[in-house]
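What follows is one structure encoded as structure tokens, with my remarks underneath.
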Amino acid sequence: MAVKFAGTMNAINRGLDATKPEKGADMVEDWEAALADIDTPGAKGILRDLASLRKQLEKGEPDADRVHALLHRLGTATTKIADKADKSQDKLKALGEALTEAGEDAPDEEEDVAAAASPKRARKKA
């Protein structure tokens with residue numbers, strides 16, 4: 001499972017926006033396969049959220065707000081089950097924290113060029 005950790009953490013560190021949705025969907029499928037046989041409380045919820053995330057990534061235009069919400073939820077759930085893992089606790093915690101952080105990062109608003117060009121408040125002359 002170390003390869004899955006490394007690939008996922010590399011994608012997060014590079015910035016998830018730089019990861020192609022198809023590649024993200026492949027990573028999610030790998031995680032679904034790895035978690036399929038785990039009988040830890042919370043694992044089924046993670047699998048449901050992974051399936052939802054994969055479906056979003058397989059769309060032509062994923063819903064960014066939905067993806068961010070799913071990442072946040074997956075991060076929180078992953079952090080919670082990390083203590084119950086037989087091995088890889090530290091890696092799971094790091095992954096959970098990174099996913100939570102990635103999920104909280106709201107996309108920047110587009111700059112309103114027209115508003116910036118004509119501010120309501122005039123600048124004071126010195």
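FYI, nothing fancy with the structure tokens labels: chains A, B, ... in order, residues from 1 per chain, ligands from 1 as they appear.
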Enumerate the residues of stretch 20-100 of chain A with a DSSP assignment of alpha helix (DSSP H), computed from the backbone, and present them as an mmCIF file with N, CA, C and O atoms, in the first residue's frame.
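Result file follows (result13.cif):
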```
data_model
loop_
_atom_site.group_PDB
_atom_site.id
_atom_site.type_symbol
_atom_site.label_atom_id
_atom_site.label_comp_id
_atom_site.auth_asym_id
_atom_site.auth_seq_id
_atom_site.Cartn_x
_atom_site.Cartn_y
_atom_site.Cartn_z
ATOM 1 N N PRO A 21 -8.263 14.799 -13.947
ATOM 2 C CA PRO A 21 -9.361 14.052 -13.330
ATOM 3 C C PRO A 21 -9.277 12.545 -13.574
ATOM 4 O O PRO A 21 -9.572 11.760 -12.680
ATOM 5 N N GLU A 22 -8.853 12.136 -14.792
ATOM 6 C CA GLU A 22 -8.765 10.713 -15.092
ATOM 7 C C GLU A 22 -7.746 10.022 -14.178
ATOM 8 O O GLU A 22 -7.957 8.912 -13.699
ATOM 9 N N LYS A 23 -6.620 10.685 -13.939
ATOM 10 C CA LYS A 23 -5.581 10.148 -13.055
ATOM 11 C C LYS A 23 -6.115 10.062 -11.621
ATOM 12 O O LYS A 23 -5.878 9.089 -10.906
ATOM 13 N N GLY A 24 -6.844 11.110 -11.214
ATOM 14 C CA GLY A 24 -7.461 11.101 -9.889
ATOM 15 C C GLY A 24 -8.450 9.957 -9.741
ATOM 16 O O GLY A 24 -8.480 9.283 -8.706
ATOM 17 N N ALA A 25 -9.237 9.705 -10.781
ATOM 18 C CA ALA A 25 -10.203 8.605 -10.743
ATOM 19 C C ALA A 25 -9.482 7.266 -10.617
ATOM 20 O O ALA A 25 -9.933 6.375 -9.887
ATOM 21 N N ASP A 26 -8.337 7.120 -11.320
ATOM 22 C CA ASP A 26 -7.546 5.887 -11.205
ATOM 23 C C ASP A 26 -7.032 5.697 -9.779
ATOM 24 O O ASP A 26 -7.059 4.583 -9.242
ATOM 25 N N MET A 27 -6.555 6.788 -9.161
ATOM 26 C CA MET A 27 -6.067 6.692 -7.779
ATOM 27 C C MET A 27 -7.196 6.303 -6.838
ATOM 28 O O MET A 27 -7.007 5.483 -5.929
ATOM 29 N N VAL A 28 -8.374 6.874 -7.061
ATOM 30 C CA VAL A 28 -9.527 6.552 -6.216
ATOM 31 C C VAL A 28 -9.884 5.073 -6.357
ATOM 32 O O VAL A 28 -10.155 4.400 -5.357
ATOM 33 N N GLU A 29 -9.852 4.561 -7.587
ATOM 34 C CA GLU A 29 -10.141 3.133 -7.797
ATOM 35 C C GLU A 29 -9.146 2.257 -7.025
ATOM 36 O O GLU A 29 -9.534 1.241 -6.448
ATOM 37 N N ASP A 30 -7.875 2.653 -7.032
ATOM 38 C CA ASP A 30 -6.867 1.899 -6.280
ATOM 39 C C ASP A 30 -7.208 1.885 -4.795
ATOM 40 O O ASP A 30 -7.082 0.856 -4.121
ATOM 41 N N TRP A 31 -7.616 3.037 -4.260
ATOM 42 C CA TRP A 31 -7.967 3.112 -2.841
ATOM 43 C C TRP A 31 -9.214 2.290 -2.542
ATOM 44 O O TRP A 31 -9.303 1.637 -1.502
ATOM 45 N N GLU A 32 -10.189 2.322 -3.460
ATOM 46 C CA GLU A 32 -11.399 1.509 -3.261
ATOM 47 C C GLU A 32 -11.028 0.028 -3.171
ATOM 48 O O GLU A 32 -11.541 -0.692 -2.301
ATOM 49 N N ALA A 33 -10.149 -0.424 -4.054
ATOM 50 C CA ALA A 33 -9.724 -1.830 -4.038
ATOM 51 C C ALA A 33 -8.986 -2.153 -2.738
ATOM 52 O O ALA A 33 -9.196 -3.217 -2.142
ATOM 53 N N ALA A 34 -8.135 -1.242 -2.285
ATOM 54 C CA ALA A 34 -7.362 -1.474 -1.062
ATOM 55 C C ALA A 34 -8.256 -1.526 0.176
ATOM 56 O O ALA A 34 -7.978 -2.262 1.120
ATOM 57 N N LEU A 35 -9.349 -0.765 0.173
ATOM 58 C CA LEU A 35 -10.224 -0.691 1.348
ATOM 59 C C LEU A 35 -11.391 -1.663 1.304
ATOM 60 O O LEU A 35 -12.106 -1.809 2.291
ATOM 61 N N ALA A 43 -14.873 2.622 7.625
ATOM 62 C CA ALA A 43 -14.348 2.275 6.294
ATOM 63 C C ALA A 43 -15.445 2.303 5.229
ATOM 64 O O ALA A 43 -15.213 2.723 4.104
ATOM 65 N N LYS A 44 -16.644 1.860 5.586
ATOM 66 C CA LYS A 44 -17.734 1.841 4.604
ATOM 67 C C LYS A 44 -18.112 3.257 4.171
ATOM 68 O O LYS A 44 -18.387 3.504 2.998
ATOM 69 N N GLY A 45 -18.100 4.203 5.108
ATOM 70 C CA GLY A 45 -18.375 5.603 4.767
ATOM 71 C C GLY A 45 -17.309 6.167 3.845
ATOM 72 O O GLY A 45 -17.607 6.916 2.911
ATOM 73 N N ILE A 46 -16.063 5.789 4.108
ATOM 74 C CA ILE A 46 -14.960 6.228 3.248
ATOM 75 C C ILE A 46 -15.148 5.658 1.843
ATOM 76 O O ILE A 46 -14.984 6.374 0.845
ATOM 77 N N LEU A 47 -15.535 4.384 1.764
ATOM 78 C CA LEU A 47 -15.762 3.762 0.452
ATOM 79 C C LEU A 47 -16.890 4.467 -0.305
ATOM 80 O O LEU A 47 -16.794 4.683 -1.514
ATOM 81 N N ARG A 48 -17.951 4.841 0.393
ATOM 82 C CA ARG A 48 -19.059 5.573 -0.255
ATOM 83 C C ARG A 48 -18.576 6.911 -0.796
ATOM 84 O O ARG A 48 -18.881 7.298 -1.925
ATOM 85 N N ASP A 49 -17.808 7.633 0.033
ATOM 86 C CA ASP A 49 -17.304 8.937 -0.407
ATOM 87 C C ASP A 49 -16.293 8.792 -1.543
ATOM 88 O O ASP A 49 -16.253 9.622 -2.456
ATOM 89 N N LEU A 50 -15.485 7.742 -1.506
ATOM 90 C CA LEU A 50 -14.547 7.491 -2.606
ATOM 91 C C LEU A 50 -15.304 7.238 -3.908
ATOM 92 O O LEU A 50 -14.922 7.745 -4.972
ATOM 93 N N ALA A 51 -16.395 6.471 -3.832
ATOM 94 C CA ALA A 51 -17.201 6.197 -5.026
ATOM 95 C C ALA A 51 -17.792 7.496 -5.571
ATOM 96 O O ALA A 51 -17.794 7.735 -6.786
ATOM 97 N N SER A 52 -18.281 8.351 -4.678
ATOM 98 C CA SER A 52 -18.832 9.647 -5.112
ATOM 99 C C SER A 52 -17.748 10.512 -5.742
ATOM 100 O O SER A 52 -17.983 11.171 -6.762
ATOM 101 N N LEU A 53 -16.564 10.507 -5.139
ATOM 102 C CA LEU A 53 -15.455 11.288 -5.678
ATOM 103 C C LEU A 53 -15.053 10.767 -7.058
ATOM 104 O O LEU A 53 -14.853 11.536 -7.993
ATOM 105 N N ARG A 54 -14.970 9.442 -7.196
ATOM 106 C CA ARG A 54 -14.611 8.855 -8.494
ATOM 107 C C ARG A 54 -15.621 9.254 -9.562
ATOM 108 O O ARG A 54 -15.257 9.632 -10.676
ATOM 109 N N LYS A 55 -16.917 9.207 -9.217
ATOM 110 C CA LYS A 55 -17.961 9.597 -10.182
ATOM 111 C C LYS A 55 -17.797 11.047 -10.599
ATOM 112 O O LYS A 55 -17.972 11.396 -11.768
ATOM 113 N N GLN A 56 -17.468 11.913 -9.641
ATOM 114 C CA GLN A 56 -17.248 13.328 -9.976
ATOM 115 C C GLN A 56 -16.071 13.470 -10.931
ATOM 116 O O GLN A 56 -16.133 14.209 -11.902
ATOM 117 N N LEU A 57 -14.987 12.755 -10.654
ATOM 118 C CA LEU A 57 -13.782 12.868 -11.467
ATOM 119 C C LEU A 57 -13.966 12.267 -12.859
ATOM 120 O O LEU A 57 -13.270 12.652 -13.792
ATOM 121 N N GLU A 58 -14.888 11.327 -12.989
ATOM 122 C CA GLU A 58 -15.149 10.712 -14.291
ATOM 123 C C GLU A 58 -16.036 11.572 -15.172
ATOM 124 O O GLU A 58 -16.141 11.336 -16.367
ATOM 125 N N ALA A 64 -16.559 21.321 -8.666
ATOM 126 C CA ALA A 64 -15.438 21.642 -7.772
ATOM 127 C C ALA A 64 -15.881 21.723 -6.306
ATOM 128 O O ALA A 64 -15.176 21.231 -5.424
ATOM 129 N N ASP A 65 -17.033 22.311 -6.047
ATOM 130 C CA ASP A 65 -17.508 22.423 -4.667
ATOM 131 C C ASP A 65 -17.762 21.041 -4.069
ATOM 132 O O ASP A 65 -17.430 20.777 -2.917
ATOM 133 N N ARG A 66 -18.346 20.153 -4.866
ATOM 134 C CA ARG A 66 -18.626 18.789 -4.399
ATOM 135 C C ARG A 66 -17.319 18.034 -4.153
ATOM 136 O O ARG A 66 -17.173 17.337 -3.154
ATOM 137 N N VAL A 67 -16.358 18.201 -5.063
ATOM 138 C CA VAL A 67 -15.060 17.537 -4.908
ATOM 139 C C VAL A 67 -14.378 18.019 -3.635
ATOM 140 O O VAL A 67 -13.869 17.215 -2.848
ATOM 141 N N HIS A 68 -14.385 19.327 -3.390
ATOM 142 C CA HIS A 68 -13.748 19.868 -2.183
ATOM 143 C C HIS A 68 -14.435 19.342 -0.922
ATOM 144 O O HIS A 68 -13.767 18.998 0.050
ATOM 145 N N ALA A 69 -15.768 19.268 -0.953
ATOM 146 C CA ALA A 69 -16.503 18.759 0.208
ATOM 147 C C ALA A 69 -16.161 17.287 0.456
ATOM 148 O O ALA A 69 -15.955 16.872 1.605
ATOM 149 N N LEU A 70 -16.089 16.500 -0.620
ATOM 150 C CA LEU A 70 -15.747 15.084 -0.483
ATOM 151 C C LEU A 70 -14.324 14.907 0.042
ATOM 152 O O LEU A 70 -14.072 14.063 0.905
ATOM 153 N N LEU A 71 -13.384 15.699 -0.459
ATOM 154 C CA LEU A 71 -12.000 15.605 0.020
ATOM 155 C C LEU A 71 -11.919 15.907 1.507
ATOM 156 O O LEU A 71 -11.227 15.220 2.259
ATOM 157 N N HIS A 72 -12.650 16.932 1.928
ATOM 158 C CA HIS A 72 -12.646 17.304 3.348
ATOM 159 C C HIS A 72 -13.205 16.156 4.198
ATOM 160 O O HIS A 72 -12.622 15.773 5.213
ATOM 161 N N ARG A 73 -14.339 15.597 3.757
ATOM 162 C CA ARG A 73 -14.946 14.497 4.504
ATOM 163 C C ARG A 73 -14.045 13.279 4.524
ATOM 164 O O ARG A 73 -13.912 12.613 5.548
ATOM 165 N N LEU A 74 -13.446 12.963 3.378
ATOM 166 C CA LEU A 74 -12.523 11.823 3.317
ATOM 167 C C LEU A 74 -11.328 12.035 4.234
ATOM 168 O O LEU A 74 -10.878 11.102 4.905
ATOM 169 N N GLY A 75 -10.821 13.243 4.272
ATOM 170 C CA GLY A 75 -9.685 13.545 5.138
ATOM 171 C C GLY A 75 -10.015 13.362 6.605
ATOM 172 O O GLY A 75 -9.261 12.741 7.360
ATOM 173 N N THR A 76 -11.171 13.881 6.998
ATOM 174 C CA THR A 76 -11.605 13.759 8.389
ATOM 175 C C THR A 76 -11.805 12.294 8.763
ATOM 176 O O THR A 76 -11.333 11.832 9.813
ATOM 177 N N ALA A 77 -12.461 11.533 7.895
ATOM 178 C CA ALA A 77 -12.721 10.116 8.176
ATOM 179 C C ALA A 77 -11.424 9.307 8.193
ATOM 180 O O ALA A 77 -11.261 8.413 9.029
ATOM 181 N N THR A 78 -10.510 9.615 7.302
ATOM 182 C CA THR A 78 -9.234 8.894 7.245
ATOM 183 C C THR A 78 -8.425 9.138 8.513
ATOM 184 O O THR A 78 -7.835 8.215 9.077
ATOM 185 N N THR A 79 -8.408 10.381 8.978
ATOM 186 C CA THR A 79 -7.696 10.710 10.209
ATOM 187 C C THR A 79 -8.293 9.940 11.395
ATOM 188 O O THR A 79 -7.563 9.433 12.246
ATOM 189 N N LYS A 80 -9.630 9.831 11.416
ATOM 190 C CA LYS A 80 -10.293 9.133 12.522
ATOM 191 C C LYS A 80 -9.952 7.646 12.557
ATOM 192 O O LYS A 80 -9.772 7.075 13.631
ATOM 193 N N ILE A 81 -9.878 6.991 11.386
ATOM 194 C CA ILE A 81 -9.623 5.547 11.412
ATOM 195 C C ILE A 81 -8.131 5.215 11.473
ATOM 196 O O ILE A 81 -7.773 4.059 11.656
ATOM 197 N N ALA A 82 -7.281 6.209 11.335
ATOM 198 C CA ALA A 82 -5.830 5.954 11.336
ATOM 199 C C ALA A 82 -5.382 5.230 12.604
ATOM 200 O O ALA A 82 -4.548 4.330 12.544
ATOM 201 N N GLN A 89 -0.178 3.797 10.439
ATOM 202 C CA GLN A 89 -0.932 4.822 11.156
ATOM 203 C C GLN A 89 -0.462 6.227 10.821
ATOM 204 O O GLN A 89 -1.278 7.112 10.556
ATOM 205 N N ASP A 90 0.871 6.436 10.837
ATOM 206 C CA ASP A 90 1.409 7.770 10.572
ATOM 207 C C ASP A 90 1.089 8.226 9.154
ATOM 208 O O ASP A 90 0.739 9.373 8.926
ATOM 209 N N LYS A 91 1.207 7.306 8.194
ATOM 210 C CA LYS A 91 0.918 7.652 6.805
ATOM 211 C C LYS A 91 -0.559 7.961 6.622
ATOM 212 O O LYS A 91 -0.922 8.893 5.899
ATOM 213 N N LEU A 92 -1.424 7.195 7.285
ATOM 214 C CA LEU A 92 -2.857 7.459 7.187
ATOM 215 C C LEU A 92 -3.212 8.813 7.794
ATOM 216 O O LEU A 92 -4.025 9.549 7.241
ATOM 217 N N LYS A 93 -2.607 9.125 8.938
ATOM 218 C CA LYS A 93 -2.869 10.427 9.559
ATOM 219 C C LYS A 93 -2.409 11.558 8.653
ATOM 220 O O LYS A 93 -3.119 12.548 8.467
ATOM 221 N N ALA A 94 -1.218 11.416 8.070
ATOM 222 C CA ALA A 94 -0.701 12.446 7.167
ATOM 223 C C ALA A 94 -1.597 12.599 5.946
ATOM 224 O O ALA A 94 -1.899 13.722 5.510
ATOM 225 N N LEU A 95 -2.059 11.475 5.410
ATOM 226 C CA LEU A 95 -2.956 11.508 4.263
ATOM 227 C C LEU A 95 -4.271 12.181 4.643
ATOM 228 O O LEU A 95 -4.774 13.043 3.913
ATOM 229 N N GLY A 96 -4.825 11.808 5.779
ATOM 230 C CA GLY A 96 -6.078 12.411 6.237
ATOM 231 C C GLY A 96 -5.966 13.907 6.408
ATOM 232 O O GLY A 96 -6.841 14.671 5.978
ATOM 233 N N GLU A 97 -4.881 14.345 7.028
ATOM 234 C CA GLU A 97 -4.681 15.786 7.229
ATOM 235 C C GLU A 97 -4.525 16.512 5.896
ATOM 236 O O GLU A 97 -5.071 17.600 5.699
ATOM 237 N N ALA A 98 -3.790 15.907 4.963
ATOM 238 C CA ALA A 98 -3.585 16.529 3.655
ATOM 239 C C ALA A 98 -4.897 16.613 2.881
ATOM 240 O O ALA A 98 -5.183 17.636 2.240
ATOM 241 N N LEU A 99 -5.710 15.560 2.946
ATOM 242 C CA LEU A 99 -7.006 15.583 2.254
ATOM 243 C C LEU A 99 -7.941 16.616 2.867
ATOM 244 O O LEU A 99 -8.638 17.334 2.148
ATOM 245 N N THR A 100 -7.948 16.692 4.187
ATOM 246 C CA THR A 100 -8.795 17.677 4.863
ATOM 247 C C THR A 100 -8.399 19.084 4.435
ATOM 248 O O THR A 100 -9.248 19.914 4.105
#
```
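One finds atom CA of A:Ser88 at 23.1 Å from atom CA of A:Gly15.
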